[in-house]
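Following: one structure in structure tokens, then a few remarks.
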Amino acid sequence: MADDKDQSLREDIRRLGRILGDTVRNQHGDEVFSLIETVRQNSIRFRRDADHAAREALENTLDTLTNDQTTHLIRAFSYFSHLVNLAEDQHHIRRTRAHLIAGSSPRRGSLAHTIETLFAGDNAAQNLKTFFETAQVTPVLTAHPTEVQRKSILNCQMVITRLLDERDRMQLTPEESRANEDALQRAVLTLWQTRMLRMSKLSVLDEVENGLSFYDYTFLRELPHLYAGLEDLLASKDQRFEKVELPSFMRLGSWIGGDRDGNPFVTATVLEKTLIMQSTRAFKFYLDELHTLGSQLSMATLLVKVSPELVALAERSPDHSPHRADEPYRLAVSGVYARLATAFKNLLGLDPVIPPCGVAQAYDSAEELVADLDLIHQSLSDNGSLGITRGRLRHLRRAVRVFGFYLAPIDLRQNSDVHERVVAELLRAANPELDYLSLNEDQRIEVLIGEISSARPLASPYLVYSEETQSELAIYRAACTAQKRYGRGAVPNCIISKTDGVSDMLELALLLKESGLLHPAEGRLDVNIIPLFETIGDLQNSAPAMDRLLGIPAYARLLESRSNAQEVMLGYSDSNKDGGFLTSGWELYKAEIDLVEIFAKHQVRLRLFHGRGGSVGRGGGPSYQAILAQPAGAVQGQIRLTEQGEVITAKYANPEVGRRNLEVLAAATMEASLLAHTELAPRPEFLKAMEELSNNAFRAYRNMVYETEGFEQYFWESTVISEIAGLNIGSRPASRKKSTAIEDLRAIPWVFSWSQCRLMLPGWFGFGSAVQQYLQAHPDDGLSTLRAMFKDWSFFSTVLSNMEMVLAKSDIGIASRYAQLVKDESLRNRIFPRLEAEHALTIDVLKQISEREDLLSDNPLLKRSIVNRFPYLSPLNHVQVELLKRYRQGDEDERVRRGIHLSINGIAAGLRNSG
């Protein structure tokens with residue numbers, strides 16, 4: 001039966017593979033095609049049957065390729081990985097639709113399943129009503145650079161996706177089928193002839209433009225549809241939800257254009273331009289929708305009644321055409337369009353493509369626009385036209401509520417060290433006798449509380465400050481201006497990287513006061529001050545730090561202006577790089593438990609912001625399971641989490657896939673908030689065992705990564721880290737400082753590099769040793785305890801599930817080839833055997849705990865995906881190693897460097913969540 005379900009997927013992969021093969025043959029001849037086909041067949045035979053003759057033939061072929069042949073092969077296998085991704089996404093949509101058409105029970109993770117589960121319990125309607133009153137679910141797009149794919153490539157892929165979808169949804173005639181096939185051939189040819197690599201490094205505004213693409217593809221339309229679907233679902237379950245419009249609890253956030261941590265190119269000017277670009281996108285969407293809506297609301301007063309308010313709105317319209325004199329809804333929409341067009345002109349200096357029918361007073365805010373749209377809705381509802389309100393008007397009203405005039409709230413982020421230096425300079429300039437940097441924590445807190453409680457400005461317009469201080473003050477002042485121009489929600493959050501104490505948060509508060517975002521006299525704070533705890537030590541200190549901060553009366557007064565809610569961000573990436581996969585996950589879990597307790601003590605609402613990356617080594621993995629695995633009380637109806645790199649494309653480039661992923665976030669948040677009581681708290685012996693495992697894993701990881709002599713050199717020589725730094729995939733430098741130290745390296749290239757060489761160390765290292773030591777210390781009941789933890793504790797089972805996914809994508813044989821790149825043979829022989837042994841041990845203990853013979857035996861979808869794509873990854877890894885050898889030996893042929901970068905693209909596409 002499973003084979004029947006996958007038949008369409010296999011057909012799509014074969015069709016796309018055949019078209020790609022025909023394209024290569026037509027473009028480059030039979031010789032190149034035959035070479036690629038030989039490599040493909042040998043790779044499949046080796047992966048499928050462990051055919052050593054096939055492996056030998058494969059390696060012999062790959063080792064003798066010319067630079068041009070290598071480029072052709074890399075491009076072919078890379079594009080095939082991209083095409084398999086498209087086919088798999090389409091198959092997921094296909095199976096979801098088949099499931100719905102068949103009338104089967106809703107699948108877990110869907111809103112339908114969640115609502116059905118909730119209504120099976122008591123007081124569902126009241127619980128949901130209470131939930132939505134304060135709920136907040138926010139995926140936050142970041143520009144962290146693991147997305148190696150150009151937007152031009154993505155555009156080609158979207159055409160192919162549309163054509164595959166057309167084959168699914170329509171019963172094509174023979175002529176239509178041929179036309180579809182011809183169109184697919186043209187699309188694949190265009191893809192093949194489109195440059196895969198960027199010629200120049202991305203600027204921050206390039207990243208902004210790329211991020212805005214996903215609003216065109218998915219967010220602007222699919223998020224309003226999600227709200228409508230959820231409202232209809234609730235109304236079908238309980239009449240108390242009929243005609244109820246939910247608060248806009250789900251929004252999108254963004255770091256792109258506001259994240260300055262280690263990125264010198266994010267400035268006040270860039271922030272201002274980012275807001276202009278975002279606002280322009282929102283206005284154009286609303287204007288287009290209004291224009292179409294006006295053409296649809298053709299009801300005449302001879303046939304329908306209208307409310308007096310609607311009549312007044314129509315009378316205020318500058319549209320005086322006699323052809324629409326008896327069409328009040330058209331006149332009303334025309335007037336709304338004219339007011340919005342004036343606002344567009346006033347705010348951004350732009351005119352709509354379709355000019356308004358006349359001049360009208362501008363809207364001062366998105367709320368005014370919503371009010372007029374609501375008036376139109378109410379008139380239709382009250383006069384027998386409720387059905388008409390449920391189409392374009394409904395979605396437009398929701399879009400304006402969600403996206404406002406700024407499209408997405410922008411978070412500002414900066415490192416605490418920068419804030420410290422700026423505050424020290426401001427204080428020294430005001431009082432030369434005060435050496436802020438020499439003060440201890442208690443003394444700093446005393447000084448900072450005094451300053452944020454005083455309305456007296458600290459910065460003087462008559463003094464000249466350092467470039468850094470001027471830049472910091474400028475961007476916060478730009479944020480203050482943005483709130484006045486676009487609305488309070490335009491720049492609502494300021495995040496402090498590397499937070500390790502209360503003074504870090506009060507330093508930001510002082511800078512906000514100097515910029516007009518904190519008002520001491522009124523006790524008002526216009527943005528959220530959000531600490532980011534990143535390292536293992538910072539996570540362990542997070543609860544005591546927040547306990548002290550919340551106990552400061554001056555800060556507690558400010559929190560009252562923020563609805564007595566405090567957000568805390570937890571860093572998955574740097575804690576993993578600092579302490580390893582297992583310890584990072586455990587310290588995050590413990591920190592959440594401690595924070596929940598501290599916030600309850602102070603009667604402040606906690607909102608956690610999870611800084612997750614795409615890979616498991618950076619907190620990635622399925623979002624649904626991750627949210628449900630949070631400790632009790634950690635969600636409370638509110639959650640924010642980052643969406644980064646290639647994961648944004650994978651989740652949100654396809655509208656249907658995008659909506660499904662947004663649904664998953666909403667569903668998981670509801671379940672974690674309203675059904676958390678159904679899961680028993682972990683047993684005390686589970687917590688004790690986990691602490692012991694974490695300590696063991698931490699020692700093993702730190703010993704390898706930070707205490708093994710030469711490991712830093714081994715990492716730089718056995719991975720593509722140096723070459724990634726030269727790839728034009730982001731505006732941010734790879735390291736925080738000009739050094740090769742692992743401590744200074746950003747977590748993203750750290751994880752990305754290990755993924756490329758297929759070792760994926762950040763996603764598993766230390767677990768095998770940790771379990772082995774635990775079993776040796778507990779020979780009688782150790783294994784039974786771990787098995788019980790796996791079965792009965794969602795946190796532990798999620799950790800192991802994510803690790804299993806990483807291990808299934810790793811390949812120690814391929815990793816051994818990268819080890820050969822290490823010049824020092826003794827160094828290589830000291831380190832790689834240890835990595836190899838830990839890898840084997842980790843797989844062995846994982847199988848013992850899960851009681852499964854094979855990896856992914858309970859995840860057939862991922863297992864199928866690996867079978868489909870991994871024969872095409874192995875050759876890419878092989879040629880990447882060969883190209884790295886040539887490049888590092890001084891081969892200056894541009895095709896070698898380009899080939900390395902092309903192979904990075906192809907391997908990332910094949911792995912999907914690699915950074």
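The chains in the structure tokens are called A, B, ... from first to last as shown; in each chain the residues are counted from 1, and the ligands are counted from 1 in the order shown.
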For A:Val705, work out the shell of residues within 12 Å, counting only C-alpha atoms and skipping chain neighbours fewer than 3 positions away, then give it as a compact mmCIF listing (two decimals) with N, CA, C and O atoms, in the first residue's frame.
```
# COMPACT_ATOMS: atom_id res chain seq x y z
N ASN A 576 25.07 25.22 21.86
CA ASN A 576 25.51 23.94 21.29
C ASN A 576 27.00 23.98 21.00
O ASN A 576 27.75 23.06 21.34
N LYS A 577 27.45 25.06 20.37
CA LYS A 577 28.89 25.17 20.05
C LYS A 577 29.71 25.22 21.33
O LYS A 577 30.83 24.73 21.39
N ASP A 578 29.14 25.78 22.37
CA ASP A 578 29.84 25.91 23.64
C ASP A 578 29.91 24.59 24.40
O ASP A 578 30.97 24.21 24.91
N GLY A 579 28.77 23.88 24.47
CA GLY A 579 28.72 22.70 25.34
C GLY A 579 28.30 21.41 24.70
O GLY A 579 28.22 20.39 25.38
N GLY A 580 28.00 21.43 23.41
CA GLY A 580 27.58 20.21 22.75
C GLY A 580 26.09 20.03 22.69
O GLY A 580 25.32 20.68 23.41
N PHE A 698 29.01 16.69 28.17
CA PHE A 698 29.71 17.97 28.20
C PHE A 698 31.22 17.75 28.27
O PHE A 698 31.99 18.39 27.53
N ARG A 699 31.64 16.84 29.14
CA ARG A 699 33.08 16.57 29.27
C ARG A 699 33.64 15.99 27.96
O ARG A 699 34.72 16.38 27.52
N ALA A 700 32.90 15.06 27.36
CA ALA A 700 33.37 14.45 26.11
C ALA A 700 33.48 15.48 25.00
O ALA A 700 34.47 15.51 24.24
N TYR A 701 32.48 16.34 24.89
CA TYR A 701 32.47 17.36 23.83
C TYR A 701 33.58 18.39 24.04
O TYR A 701 34.34 18.70 23.12
N ARG A 702 33.67 18.93 25.26
CA ARG A 702 34.67 19.94 25.53
C ARG A 702 36.08 19.38 25.36
O ARG A 702 36.98 20.06 24.86
N THR A 708 41.45 19.21 22.91
CA THR A 708 42.32 18.37 22.09
C THR A 708 43.26 19.26 21.28
O THR A 708 42.82 20.08 20.47
N GLU A 709 44.55 19.09 21.49
CA GLU A 709 45.53 19.91 20.78
C GLU A 709 45.41 19.68 19.27
O GLU A 709 45.37 18.56 18.79
N GLY A 710 45.30 20.77 18.55
CA GLY A 710 45.24 20.69 17.09
C GLY A 710 43.84 20.55 16.52
O GLY A 710 43.68 20.52 15.29
N PHE A 711 42.80 20.49 17.38
CA PHE A 711 41.45 20.28 16.83
C PHE A 711 41.02 21.46 15.96
O PHE A 711 40.36 21.27 14.94
N GLU A 712 41.40 22.67 16.38
CA GLU A 712 41.04 23.85 15.58
C GLU A 712 41.61 23.73 14.17
O GLU A 712 40.91 23.99 13.19
N GLN A 713 42.87 23.30 14.08
CA GLN A 713 43.50 23.12 12.76
C GLN A 713 42.79 22.00 11.99
O GLN A 713 42.54 22.14 10.78
N TYR A 714 42.47 20.93 12.68
CA TYR A 714 41.77 19.82 12.04
C TYR A 714 40.44 20.29 11.44
O TYR A 714 40.11 19.95 10.29
N PHE A 715 39.72 21.09 12.18
CA PHE A 715 38.43 21.59 11.70
C PHE A 715 38.59 22.45 10.45
O PHE A 715 37.89 22.25 9.45
N ALA A 741 39.83 31.01 15.90
CA ALA A 741 39.40 30.34 17.13
C ALA A 741 37.95 29.90 17.02
O ALA A 741 37.09 30.65 16.52
N ILE A 742 37.67 28.71 17.47
CA ILE A 742 36.30 28.20 17.43
C ILE A 742 35.39 29.05 18.32
O ILE A 742 34.22 29.26 18.01
N GLU A 743 35.95 29.58 19.40
CA GLU A 743 35.15 30.44 20.29
C GLU A 743 34.62 31.66 19.56
O GLU A 743 33.52 32.14 19.85
N TRP A 750 29.95 27.15 11.60
CA TRP A 750 30.43 25.98 12.35
C TRP A 750 29.59 24.76 12.00
O TRP A 750 30.10 23.71 11.61
N LEU A 761 28.97 16.75 13.22
CA LEU A 761 29.38 16.62 14.62
C LEU A 761 28.50 17.38 15.61
O LEU A 761 28.19 16.84 16.68
N PRO A 762 28.05 18.62 15.34
CA PRO A 762 27.27 19.34 16.34
C PRO A 762 25.92 18.71 16.68
O PRO A 762 25.29 19.12 17.66
N PHE A 765 27.67 14.58 18.71
CA PHE A 765 28.91 14.22 19.40
C PHE A 765 28.77 14.31 20.91
O PHE A 765 28.28 15.29 21.46
N GLY A 766 29.25 13.28 21.58
CA GLY A 766 29.24 13.22 23.04
C GLY A 766 28.15 12.33 23.60
O GLY A 766 28.25 11.88 24.75
N ILE A 831 42.83 12.35 15.65
CA ILE A 831 41.48 12.88 15.83
C ILE A 831 40.42 12.07 15.10
O ILE A 831 39.39 11.71 15.71
N ARG A 834 38.95 8.91 16.70
CA ARG A 834 38.09 9.22 17.85
C ARG A 834 36.70 9.64 17.39
O ARG A 834 35.69 9.24 17.97
N LEU A 835 36.65 10.45 16.33
CA LEU A 835 35.36 10.86 15.79
C LEU A 835 34.60 9.65 15.25
O LEU A 835 33.39 9.50 15.47
```
Got a sec: who's within 8 Å of A:Pro352, counting only C-alpha atoms, leaving out chain neighbours fewer than 2 positions off, as a short mmCIF file (atom, residue, chain, number, x, y, z; two decimals) with all heavy atoms, in the first residue's frame?
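Output file selection04.cif is given in full below:
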```
data_model
loop_
_atom_site.label_atom_id
_atom_site.label_comp_id
_atom_site.auth_asym_id
_atom_site.auth_seq_id
_atom_site.Cartn_x
_atom_site.Cartn_y
_atom_site.Cartn_z
N LYS A 284 1.30 48.33 -1.63
CA LYS A 284 0.97 47.87 -2.98
C LYS A 284 -0.01 46.70 -2.95
O LYS A 284 -0.91 46.61 -3.79
CB LYS A 284 2.26 47.47 -3.72
CG LYS A 284 3.11 48.68 -4.16
CD LYS A 284 4.32 48.23 -4.95
CE LYS A 284 5.09 49.44 -5.49
NZ LYS A 284 6.29 49.04 -6.27
N LEU A 287 -3.49 48.15 -2.06
CA LEU A 287 -4.05 48.90 -3.18
C LEU A 287 -4.54 47.97 -4.29
O LEU A 287 -5.62 48.18 -4.86
CB LEU A 287 -3.01 49.88 -3.72
CG LEU A 287 -2.71 51.10 -2.81
CD1 LEU A 287 -1.42 51.77 -3.22
CD2 LEU A 287 -3.88 52.09 -2.86
N ALA A 341 -4.12 55.76 -1.21
CA ALA A 341 -3.16 56.27 -2.20
C ALA A 341 -2.48 57.54 -1.69
O ALA A 341 -1.27 57.74 -1.88
CB ALA A 341 -3.85 56.52 -3.53
N PHE A 344 0.01 56.58 0.89
CA PHE A 344 1.15 56.00 0.18
C PHE A 344 2.08 57.11 -0.30
O PHE A 344 3.31 57.02 -0.16
CB PHE A 344 0.61 55.18 -0.99
CG PHE A 344 1.61 54.30 -1.68
CD1 PHE A 344 2.61 53.64 -0.99
CD2 PHE A 344 1.53 54.11 -3.06
CE1 PHE A 344 3.51 52.81 -1.64
CE2 PHE A 344 2.43 53.27 -3.72
CZ PHE A 344 3.42 52.63 -3.01
N LEU A 350 5.39 57.75 -3.08
CA LEU A 350 5.10 56.94 -4.25
C LEU A 350 3.63 57.04 -4.64
O LEU A 350 2.77 57.33 -3.81
CB LEU A 350 5.44 55.47 -3.96
CG LEU A 350 6.91 55.17 -3.62
CD1 LEU A 350 7.06 53.73 -3.15
CD2 LEU A 350 7.80 55.44 -4.82
N ILE A 354 -2.23 52.23 -10.49
CA ILE A 354 -3.54 52.71 -10.94
C ILE A 354 -3.89 53.93 -10.12
O ILE A 354 -4.09 53.83 -8.90
CB ILE A 354 -4.61 51.61 -10.76
CG1 ILE A 354 -4.21 50.37 -11.56
CG2 ILE A 354 -5.99 52.12 -11.17
CD1 ILE A 354 -5.11 49.17 -11.32
N PRO A 355 -3.96 55.10 -10.72
CA PRO A 355 -4.20 56.32 -9.94
C PRO A 355 -5.60 56.34 -9.35
O PRO A 355 -6.53 55.75 -9.91
CB PRO A 355 -4.02 57.44 -10.97
CG PRO A 355 -4.26 56.79 -12.29
CD PRO A 355 -3.79 55.38 -12.16
N PRO A 356 -5.79 56.99 -8.21
CA PRO A 356 -7.13 57.10 -7.62
C PRO A 356 -8.01 58.00 -8.46
O PRO A 356 -7.52 58.76 -9.32
CB PRO A 356 -6.84 57.70 -6.25
CG PRO A 356 -5.57 58.47 -6.43
CD PRO A 356 -4.77 57.69 -7.42
#
```
Give me every alpha helix (DSSP H) residue in stretch 750-810 of chain A, going by DSSP on the backbone, as a ChimeraX atom specification.
/A:750-756,767-777,782-792,794-809
Just the selected residues (C-alpha atoms), exported as a PDB file, in the first residue's frame, please.
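This went into again.pdb:
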```pdb
ATOM      1  CA  TRP A 750      30.434  25.979  12.349  1.00  0.00           C
ATOM      2  CA  VAL A 751      27.391  23.767  11.813  1.00  0.00           C
ATOM      3  CA  PHE A 752      27.224  24.328   8.056  1.00  0.00           C
ATOM      4  CA  SER A 753      30.826  23.173   7.622  1.00  0.00           C
ATOM      5  CA  TRP A 754      30.307  19.917   9.525  1.00  0.00           C
ATOM      6  CA  SER A 755      27.170  19.285   7.462  1.00  0.00           C
ATOM      7  CA  GLN A 756      29.032  19.683   4.178  1.00  0.00           C
ATOM      8  CA  PHE A 767      26.000  11.258  23.318  1.00  0.00           C
ATOM      9  CA  GLY A 768      27.601   7.855  22.799  1.00  0.00           C
ATOM     10  CA  SER A 769      30.258   8.429  25.453  1.00  0.00           C
ATOM     11  CA  ALA A 770      27.679   9.877  27.816  1.00  0.00           C
ATOM     12  CA  VAL A 771      25.441   6.821  27.591  1.00  0.00           C
ATOM     13  CA  GLN A 772      28.349   4.403  27.792  1.00  0.00           C
ATOM     14  CA  GLN A 773      29.574   5.997  31.032  1.00  0.00           C
ATOM     15  CA  TYR A 774      26.041   6.075  32.414  1.00  0.00           C
ATOM     16  CA  LEU A 775      25.515   2.362  31.717  1.00  0.00           C
ATOM     17  CA  GLN A 776      28.843   1.527  33.317  1.00  0.00           C
ATOM     18  CA  ALA A 777      27.813   3.459  36.433  1.00  0.00           C
ATOM     19  CA  GLY A 782      20.652   2.019  33.482  1.00  0.00           C
ATOM     20  CA  LEU A 783      19.369   0.770  30.150  1.00  0.00           C
ATOM     21  CA  SER A 784      15.821   0.230  31.421  1.00  0.00           C
ATOM     22  CA  THR A 785      15.796   3.790  32.781  1.00  0.00           C
ATOM     23  CA  LEU A 786      16.906   5.238  29.451  1.00  0.00           C
ATOM     24  CA  ARG A 787      14.310   3.190  27.588  1.00  0.00           C
ATOM     25  CA  ALA A 788      11.606   4.419  29.945  1.00  0.00           C
ATOM     26  CA  MET A 789      12.767   7.996  29.387  1.00  0.00           C
ATOM     27  CA  PHE A 790      12.539   7.479  25.633  1.00  0.00           C
ATOM     28  CA  LYS A 791       8.993   6.100  25.850  1.00  0.00           C
ATOM     29  CA  ASP A 792       7.502   8.354  28.522  1.00  0.00           C
ATOM     30  CA  SER A 794       8.645  13.857  25.223  1.00  0.00           C
ATOM     31  CA  PHE A 795      11.742  16.000  25.807  1.00  0.00           C
ATOM     32  CA  PHE A 796      14.079  13.003  25.748  1.00  0.00           C
ATOM     33  CA  SER A 797      12.335  11.286  22.849  1.00  0.00           C
ATOM     34  CA  THR A 798      12.482  14.514  20.801  1.00  0.00           C
ATOM     35  CA  VAL A 799      16.203  14.880  21.523  1.00  0.00           C
ATOM     36  CA  LEU A 800      16.839  11.340  20.336  1.00  0.00           C
ATOM     37  CA  SER A 801      14.562  11.694  17.316  1.00  0.00           C
ATOM     38  CA  ASN A 802      16.413  14.794  16.149  1.00  0.00           C
ATOM     39  CA  MET A 803      19.769  13.135  16.730  1.00  0.00           C
ATOM     40  CA  GLU A 804      18.622  10.091  14.766  1.00  0.00           C
ATOM     41  CA  MET A 805      17.762  12.327  11.820  1.00  0.00           C
ATOM     42  CA  VAL A 806      21.255  13.831  11.892  1.00  0.00           C
ATOM     43  CA  LEU A 807      22.953  10.456  12.143  1.00  0.00           C
ATOM     44  CA  ALA A 808      20.918   9.146   9.201  1.00  0.00           C
ATOM     45  CA  LYS A 809      22.170  12.045   7.082  1.00  0.00           C
TER      46      LYS A 809
END
```
I'd like to know which of A:His92, A:Arg488, A:Arg150, A:Lys345 is closest to A:Gly658, using only C-alpha atoms.
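Closest to A:Gly658, using only C-alpha atoms: A:His92.
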In terms of the shortest atom-to-atom distance over only C-alpha atoms, which of A:Gly450, A:Gly17, A:Gly537, A:Pro684 is closest to A:Val84?
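Smallest separation from A:Val84 among the options: A:Gly17.
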Quick one: everything within 7 Å of A:Asp259, counting only C-alpha atoms, minus sequence neighbours fewer than 6 positions away in the same chain. Send it as a list in words.
Val266, Leu412, Arg413 and Gln414 of chain A
